[in-house]
Amino acid sequence: MNETGDWVQTIAVSELDENRPTLAHAKGIPVVLIRTGGEVYALSNSCAHMGCPLADGLLEGDFLRCSCHEWAFDIRTGELWEASEIRIPTYPAKVEAGWVWVSPQEEGG
């Protein structure tokens, strides 16, 4: 793992299939990476409901649906579709030099 400032190198962008959640780690934090519509998003891998792994979930548009109890989180904001006051952490992500980089500092935190 390589680090530059607040950014941590995670996986090669070639390992990240379009519209398929992929598990990665940024400084030991398990994150779900999602590439869709030319953007890369990074979210906590833990559902706000019972901690189920979101990397096993299904992407439906801009929402990642947990495979355990079907809670759906907006991949852009981390907010639960049915109740925006419930959210999971999201992290800044970027693609650079063929790698996905994630800042382990939670967005808005």
# chains A, B, ... in the order shown; residues from 1 in each chain; ligands from 1

call {"tool": "residues_around", "arguments": {"residues": "region 78-91 of chain A", "least_positions_apart": "5", "cutoff": "6 Å", "atoms": "only C-alpha atoms", "output": "list in words"}}
result
Ala42, Leu43, Ser44, Ala72, Phe73, Glu106 and Glu107 of chain A

call {"tool": "write_last_selection", "arguments": {"atoms": "N, CA and C atoms", "output": "short mmCIF file (atom, residue, chain, number, x, y, z; two decimals), in the first residue's frame"}}
result
data_model
loop_
_atom_site.label_atom_id
_atom_site.label_comp_id
_atom_site.auth_asym_id
_atom_site.auth_seq_id
_atom_site.Cartn_x
_atom_site.Cartn_y
_atom_site.Cartn_z
N ALA A 42 -16.37 5.76 -2.75
CA ALA A 42 -15.88 4.92 -1.65
C ALA A 42 -16.81 5.11 -0.46
N LEU A 43 -17.30 3.98 0.07
CA LEU A 43 -18.22 3.99 1.20
C LEU A 43 -17.73 2.98 2.23
N SER A 44 -18.21 3.13 3.44
CA SER A 44 -17.96 2.14 4.47
C SER A 44 -18.49 0.79 4.00
N ALA A 72 -30.99 0.41 1.46
CA ALA A 72 -30.37 1.00 0.27
C ALA A 72 -29.73 2.34 0.62
N PHE A 73 -28.43 2.46 0.33
CA PHE A 73 -27.68 3.67 0.64
C PHE A 73 -27.25 4.37 -0.64
N GLU A 106 -13.28 10.74 6.54
CA GLU A 106 -14.67 10.73 6.12
C GLU A 106 -15.09 12.07 5.55
N GLU A 107 -15.82 12.04 4.43
CA GLU A 107 -16.32 13.28 3.83
C GLU A 107 -17.29 13.93 4.80
#

call {"tool": "select_by_dssp", "arguments": {"residues": "chain A", "states": "strand (DSSP E)", "output": "PyMOL selection string"}}
result
chain A and resi 3-4+7-12+22-26+29-36+39-44+58-60+63-65+72-74+90-91+93-96+99-102

call {"tool": "closest_residue", "arguments": {"among": "A:Gln9, A:Arg65, A:Thr77, A:Gly57", "to": "His25 (chain A)", "atoms": "only C-alpha atoms"}}
result
A:Gln9

call {"tool": "closest_residue", "arguments": {"among": "A:Pro30, A:Ser14, A:Val102, A:Pro21", "to": "Phe63 (chain A)", "atoms": "only C-alpha atoms"}}
result
A:Pro21

call {"tool": "closest_residue", "arguments": {"among": "A:Pro104, A:Trp7, A:Asp56, A:Val95", "to": "Gly38 (chain A)", "atoms": "only C-alpha atoms"}}
result
A:Val95

call {"tool": "select_by_dssp", "arguments": {"residues": "region 13-89 of chain A", "states": "helix (DSSP H, G or I)", "output": "PyMOL selection string"}}
result
chain A and resi 13-15+54-56

call {"tool": "atom_distance", "arguments": {"atom1": "CA of Leu59 (chain A)", "atom2": "CA of Trp99 (chain A)"}}
result
21.8 Å

call {"tool": "residues_around", "arguments": {"residues": "Ser103 (chain A)", "least_positions_apart": "2", "cutoff": "8 Å", "atoms": "only C-alpha atoms", "output": "mmCIF file with all heavy atoms, in the first residue's frame"}}
result
data_model
loop_
_atom_site.group_PDB
_atom_site.id
_atom_site.type_symbol
_atom_site.label_atom_id
_atom_site.label_comp_id
_atom_site.auth_asym_id
_atom_site.auth_seq_id
_atom_site.Cartn_x
_atom_site.Cartn_y
_atom_site.Cartn_z
ATOM 1 N N ASP A 6 -2.841 12.693 2.384
ATOM 2 C CA ASP A 6 -4.036 12.090 2.969
ATOM 3 C C ASP A 6 -4.617 10.975 2.108
ATOM 4 O O ASP A 6 -5.652 10.421 2.447
ATOM 5 C CB ASP A 6 -5.110 13.161 3.182
ATOM 6 C CG ASP A 6 -4.721 14.147 4.259
ATOM 7 O OD1 ASP A 6 -3.942 13.775 5.151
ATOM 8 O OD2 ASP A 6 -5.199 15.287 4.206
ATOM 9 N N TRP A 7 -3.990 10.648 1.001
ATOM 10 C CA TRP A 7 -4.519 9.650 0.068
ATOM 11 C C TRP A 7 -3.786 8.329 0.217
ATOM 12 O O TRP A 7 -2.577 8.291 0.379
ATOM 13 C CB TRP A 7 -4.390 10.145 -1.365
ATOM 14 C CG TRP A 7 -5.260 11.337 -1.627
ATOM 15 C CD1 TRP A 7 -4.914 12.653 -1.520
ATOM 16 C CD2 TRP A 7 -6.633 11.316 -2.001
ATOM 17 N NE1 TRP A 7 -5.983 13.453 -1.814
ATOM 18 C CE2 TRP A 7 -7.055 12.660 -2.120
ATOM 19 C CE3 TRP A 7 -7.546 10.298 -2.262
ATOM 20 C CZ2 TRP A 7 -8.349 13.009 -2.481
ATOM 21 C CZ3 TRP A 7 -8.840 10.645 -2.622
ATOM 22 C CH2 TRP A 7 -9.225 11.987 -2.734
ATOM 23 N N VAL A 8 -4.550 7.222 0.130
ATOM 24 C CA VAL A 8 -4.002 5.879 0.251
ATOM 25 C C VAL A 8 -4.308 5.115 -1.033
ATOM 26 O O VAL A 8 -5.464 5.063 -1.467
ATOM 27 C CB VAL A 8 -4.615 5.136 1.460
ATOM 28 C CG1 VAL A 8 -4.088 3.719 1.548
ATOM 29 C CG2 VAL A 8 -4.350 5.896 2.749
ATOM 30 N N ALA A 26 -8.317 1.045 3.100
ATOM 31 C CA ALA A 26 -7.564 2.295 3.163
ATOM 32 C C ALA A 26 -7.131 2.493 4.609
ATOM 33 O O ALA A 26 -7.971 2.769 5.472
ATOM 34 C CB ALA A 26 -8.423 3.466 2.684
ATOM 35 N N TYR A 91 -16.092 8.333 1.662
ATOM 36 C CA TYR A 91 -14.718 8.811 1.643
ATOM 37 C C TYR A 91 -14.382 9.352 0.258
ATOM 38 O O TYR A 91 -14.833 8.806 -0.751
ATOM 39 C CB TYR A 91 -13.749 7.670 1.985
ATOM 40 C CG TYR A 91 -14.079 6.999 3.297
ATOM 41 C CD1 TYR A 91 -14.854 5.847 3.338
ATOM 42 C CD2 TYR A 91 -13.633 7.531 4.500
ATOM 43 C CE1 TYR A 91 -15.178 5.247 4.541
ATOM 44 C CE2 TYR A 91 -13.952 6.936 5.709
ATOM 45 C CZ TYR A 91 -14.728 5.788 5.721
ATOM 46 O OH TYR A 91 -15.054 5.190 6.911
ATOM 47 N N PRO A 92 -13.566 10.409 0.197
ATOM 48 C CA PRO A 92 -13.125 10.901 -1.112
ATOM 49 C C PRO A 92 -12.352 9.806 -1.846
ATOM 50 O O PRO A 92 -11.573 9.072 -1.237
ATOM 51 C CB PRO A 92 -12.211 12.075 -0.767
ATOM 52 C CG PRO A 92 -12.597 12.486 0.617
ATOM 53 C CD PRO A 92 -13.040 11.226 1.300
ATOM 54 N N ALA A 93 -12.582 9.695 -3.151
ATOM 55 C CA ALA A 93 -11.881 8.712 -3.981
ATOM 56 C C ALA A 93 -11.491 9.366 -5.298
ATOM 57 O O ALA A 93 -12.173 10.272 -5.784
ATOM 58 C CB ALA A 93 -12.766 7.498 -4.230
ATOM 59 N N TRP A 101 -7.334 5.721 -5.446
ATOM 60 C CA TRP A 101 -6.838 6.303 -4.199
ATOM 61 C C TRP A 101 -8.023 6.728 -3.351
ATOM 62 O O TRP A 101 -9.007 7.258 -3.871
ATOM 63 C CB TRP A 101 -5.976 7.525 -4.510
ATOM 64 C CG TRP A 101 -4.710 7.192 -5.245
ATOM 65 C CD1 TRP A 101 -4.590 6.905 -6.578
ATOM 66 C CD2 TRP A 101 -3.410 7.099 -4.692
ATOM 67 N NE1 TRP A 101 -3.287 6.638 -6.876
ATOM 68 C CE2 TRP A 101 -2.523 6.754 -5.758
ATOM 69 C CE3 TRP A 101 -2.879 7.284 -3.417
ATOM 70 C CZ2 TRP A 101 -1.166 6.587 -5.565
ATOM 71 C CZ3 TRP A 101 -1.521 7.123 -3.234
ATOM 72 C CH2 TRP A 101 -0.672 6.773 -4.289
ATOM 73 N N GLN A 105 -10.153 9.979 5.514
ATOM 74 C CA GLN A 105 -10.867 11.003 6.251
ATOM 75 C C GLN A 105 -12.291 11.070 5.716
ATOM 76 O O GLN A 105 -12.517 11.379 4.557
ATOM 77 C CB GLN A 105 -10.179 12.370 6.074
ATOM 78 C CG GLN A 105 -10.888 13.517 6.737
ATOM 79 C CD GLN A 105 -10.905 13.407 8.249
ATOM 80 O OE1 GLN A 105 -9.927 12.990 8.855
ATOM 81 N NE2 GLN A 105 -12.012 13.780 8.858
ATOM 82 N N GLU A 106 -13.279 10.742 6.542
ATOM 83 C CA GLU A 106 -14.674 10.725 6.119
ATOM 84 C C GLU A 106 -15.085 12.066 5.545
ATOM 85 O O GLU A 106 -14.731 13.122 6.076
ATOM 86 C CB GLU A 106 -15.578 10.372 7.301
ATOM 87 C CG GLU A 106 -17.030 10.274 6.945
ATOM 88 C CD GLU A 106 -17.917 9.924 8.122
ATOM 89 O OE1 GLU A 106 -17.407 9.504 9.168
ATOM 90 O OE2 GLU A 106 -19.130 10.098 7.976
#

call {"tool": "closest_residue", "arguments": {"among": "A:Glu96, A:Glu70, A:Glu60, A:Glu18", "to": "Ile34 (chain A)", "atoms": "only C-alpha atoms"}}
result
A:Glu18

call {"tool": "atom_distance", "arguments": {"atom1": "CA of Lys94 (chain A)", "atom2": "CA of Glu39 (chain A)"}}
result
8.1 Å

call {"tool": "decode", "arguments": {"residues": "region 39-87 of chain A", "atoms": "N, CA and C atoms", "output": "short mmCIF file (atom, residue, chain, number, x, y, z; two decimals), in the first residue's frame"}}
result
data_model
loop_
_atom_site.label_atom_id
_atom_site.label_comp_id
_atom_site.auth_asym_id
_atom_site.auth_seq_id
_atom_site.Cartn_x
_atom_site.Cartn_y
_atom_site.Cartn_z
N GLU A 39 -17.32 7.93 -12.57
CA GLU A 39 -16.92 8.34 -11.23
C GLU A 39 -16.57 7.11 -10.39
N VAL A 40 -15.76 7.33 -9.36
CA VAL A 40 -15.46 6.28 -8.39
C VAL A 40 -15.91 6.78 -7.02
N TYR A 41 -16.63 5.92 -6.31
CA TYR A 41 -17.15 6.25 -4.99
C TYR A 41 -16.58 5.27 -3.97
N ALA A 42 -16.37 5.76 -2.75
CA ALA A 42 -15.88 4.92 -1.65
C ALA A 42 -16.81 5.11 -0.46
N LEU A 43 -17.30 3.98 0.07
CA LEU A 43 -18.22 3.99 1.20
C LEU A 43 -17.73 2.98 2.23
N SER A 44 -18.21 3.13 3.44
CA SER A 44 -17.96 2.14 4.47
C SER A 44 -18.49 0.79 4.00
N ASN A 45 -17.80 -0.28 4.38
CA ASN A 45 -18.26 -1.62 4.03
C ASN A 45 -19.26 -2.16 5.04
N SER A 46 -19.65 -1.37 6.01
CA SER A 46 -20.53 -1.84 7.08
C SER A 46 -21.89 -1.16 7.02
N CYS A 47 -22.94 -1.96 6.86
CA CYS A 47 -24.30 -1.44 6.83
C CYS A 47 -24.65 -0.81 8.19
N ALA A 48 -25.37 0.29 8.16
CA ALA A 48 -25.77 0.99 9.40
C ALA A 48 -26.78 0.20 10.21
N HIS A 49 -27.40 -0.79 9.62
CA HIS A 49 -28.43 -1.56 10.31
C HIS A 49 -27.82 -2.59 11.25
N MET A 50 -27.13 -3.59 10.69
CA MET A 50 -26.56 -4.64 11.54
C MET A 50 -25.11 -4.97 11.17
N GLY A 51 -24.45 -4.05 10.45
CA GLY A 51 -23.04 -4.22 10.15
C GLY A 51 -22.73 -5.22 9.04
N CYS A 52 -23.71 -5.62 8.27
CA CYS A 52 -23.46 -6.57 7.18
C CYS A 52 -22.51 -5.94 6.16
N PRO A 53 -21.70 -6.75 5.47
CA PRO A 53 -20.76 -6.21 4.49
C PRO A 53 -21.47 -5.72 3.24
N LEU A 54 -21.30 -4.45 2.94
CA LEU A 54 -21.96 -3.86 1.78
C LEU A 54 -21.30 -4.25 0.46
N ALA A 55 -20.07 -4.76 0.50
CA ALA A 55 -19.41 -5.21 -0.72
C ALA A 55 -20.17 -6.36 -1.36
N ASP A 56 -21.00 -7.05 -0.58
CA ASP A 56 -21.83 -8.14 -1.10
C ASP A 56 -23.16 -7.63 -1.66
N GLY A 57 -23.37 -6.32 -1.60
CA GLY A 57 -24.64 -5.74 -2.00
C GLY A 57 -24.80 -5.60 -3.51
N LEU A 58 -25.95 -5.09 -3.90
CA LEU A 58 -26.31 -4.91 -5.30
C LEU A 58 -26.48 -3.43 -5.59
N LEU A 59 -25.82 -2.97 -6.65
CA LEU A 59 -25.95 -1.58 -7.06
C LEU A 59 -27.18 -1.42 -7.93
N GLU A 60 -28.06 -0.47 -7.54
CA GLU A 60 -29.27 -0.16 -8.29
C GLU A 60 -29.27 1.34 -8.54
N GLY A 61 -28.80 1.75 -9.71
CA GLY A 61 -28.66 3.18 -9.99
C GLY A 61 -27.61 3.78 -9.07
N ASP A 62 -28.01 4.80 -8.29
CA ASP A 62 -27.09 5.44 -7.35
C ASP A 62 -27.20 4.86 -5.94
N PHE A 63 -27.86 3.72 -5.80
CA PHE A 63 -28.07 3.13 -4.48
C PHE A 63 -27.44 1.75 -4.38
N LEU A 64 -26.77 1.51 -3.26
CA LEU A 64 -26.19 0.22 -2.96
C LEU A 64 -27.10 -0.46 -1.94
N ARG A 65 -27.66 -1.60 -2.33
CA ARG A 65 -28.61 -2.32 -1.49
C ARG A 65 -27.87 -3.42 -0.73
N CYS A 66 -27.99 -3.39 0.60
CA CYS A 66 -27.37 -4.37 1.47
C CYS A 66 -27.97 -5.75 1.20
N SER A 67 -27.12 -6.76 1.14
CA SER A 67 -27.59 -8.11 0.84
C SER A 67 -28.27 -8.78 2.03
N CYS A 68 -28.10 -8.24 3.23
CA CYS A 68 -28.69 -8.87 4.41
C CYS A 68 -30.16 -8.50 4.62
N HIS A 69 -30.45 -7.20 4.63
CA HIS A 69 -31.81 -6.76 4.94
C HIS A 69 -32.34 -5.73 3.96
N GLU A 70 -31.63 -5.56 2.85
CA GLU A 70 -32.06 -4.73 1.72
C GLU A 70 -32.13 -3.23 2.01
N TRP A 71 -31.41 -2.75 3.02
CA TRP A 71 -31.32 -1.31 3.20
C TRP A 71 -30.55 -0.74 2.01
N ALA A 72 -30.99 0.41 1.46
CA ALA A 72 -30.37 1.00 0.27
C ALA A 72 -29.73 2.34 0.62
N PHE A 73 -28.43 2.46 0.33
CA PHE A 73 -27.68 3.67 0.64
C PHE A 73 -27.25 4.37 -0.64
N ASP A 74 -27.39 5.71 -0.65
CA ASP A 74 -26.96 6.53 -1.77
C ASP A 74 -25.43 6.50 -1.81
N ILE A 75 -24.83 6.06 -2.91
CA ILE A 75 -23.38 5.94 -2.99
C ILE A 75 -22.69 7.30 -3.01
N ARG A 76 -23.42 8.37 -3.31
CA ARG A 76 -22.84 9.71 -3.35
C ARG A 76 -22.78 10.34 -1.97
N THR A 77 -23.74 10.03 -1.11
CA THR A 77 -23.84 10.71 0.19
C THR A 77 -23.77 9.76 1.39
N GLY A 78 -24.03 8.48 1.16
CA GLY A 78 -24.08 7.51 2.25
C GLY A 78 -25.43 7.47 2.95
N GLU A 79 -26.38 8.31 2.52
CA GLU A 79 -27.68 8.38 3.19
C GLU A 79 -28.57 7.19 2.85
N LEU A 80 -29.31 6.72 3.84
CA LEU A 80 -30.29 5.66 3.63
C LEU A 80 -31.43 6.23 2.80
N TRP A 81 -31.84 5.49 1.78
CA TRP A 81 -32.89 5.96 0.87
C TRP A 81 -34.17 6.29 1.62
N GLU A 82 -34.59 5.45 2.53
CA GLU A 82 -35.87 5.62 3.21
C GLU A 82 -35.83 6.63 4.36
N ALA A 83 -34.62 6.95 4.85
CA ALA A 83 -34.49 7.87 5.99
C ALA A 83 -33.12 8.53 5.93
N SER A 84 -33.05 9.72 5.34
CA SER A 84 -31.77 10.38 5.08
C SER A 84 -30.98 10.73 6.35
N GLU A 85 -31.64 10.70 7.51
CA GLU A 85 -30.90 10.99 8.75
C GLU A 85 -30.00 9.82 9.15
N ILE A 86 -30.22 8.66 8.55
CA ILE A 86 -29.35 7.50 8.78
C ILE A 86 -28.38 7.44 7.61
N ARG A 87 -27.10 7.31 7.92
CA ARG A 87 -26.10 7.28 6.84
C ARG A 87 -24.90 6.44 7.24
#
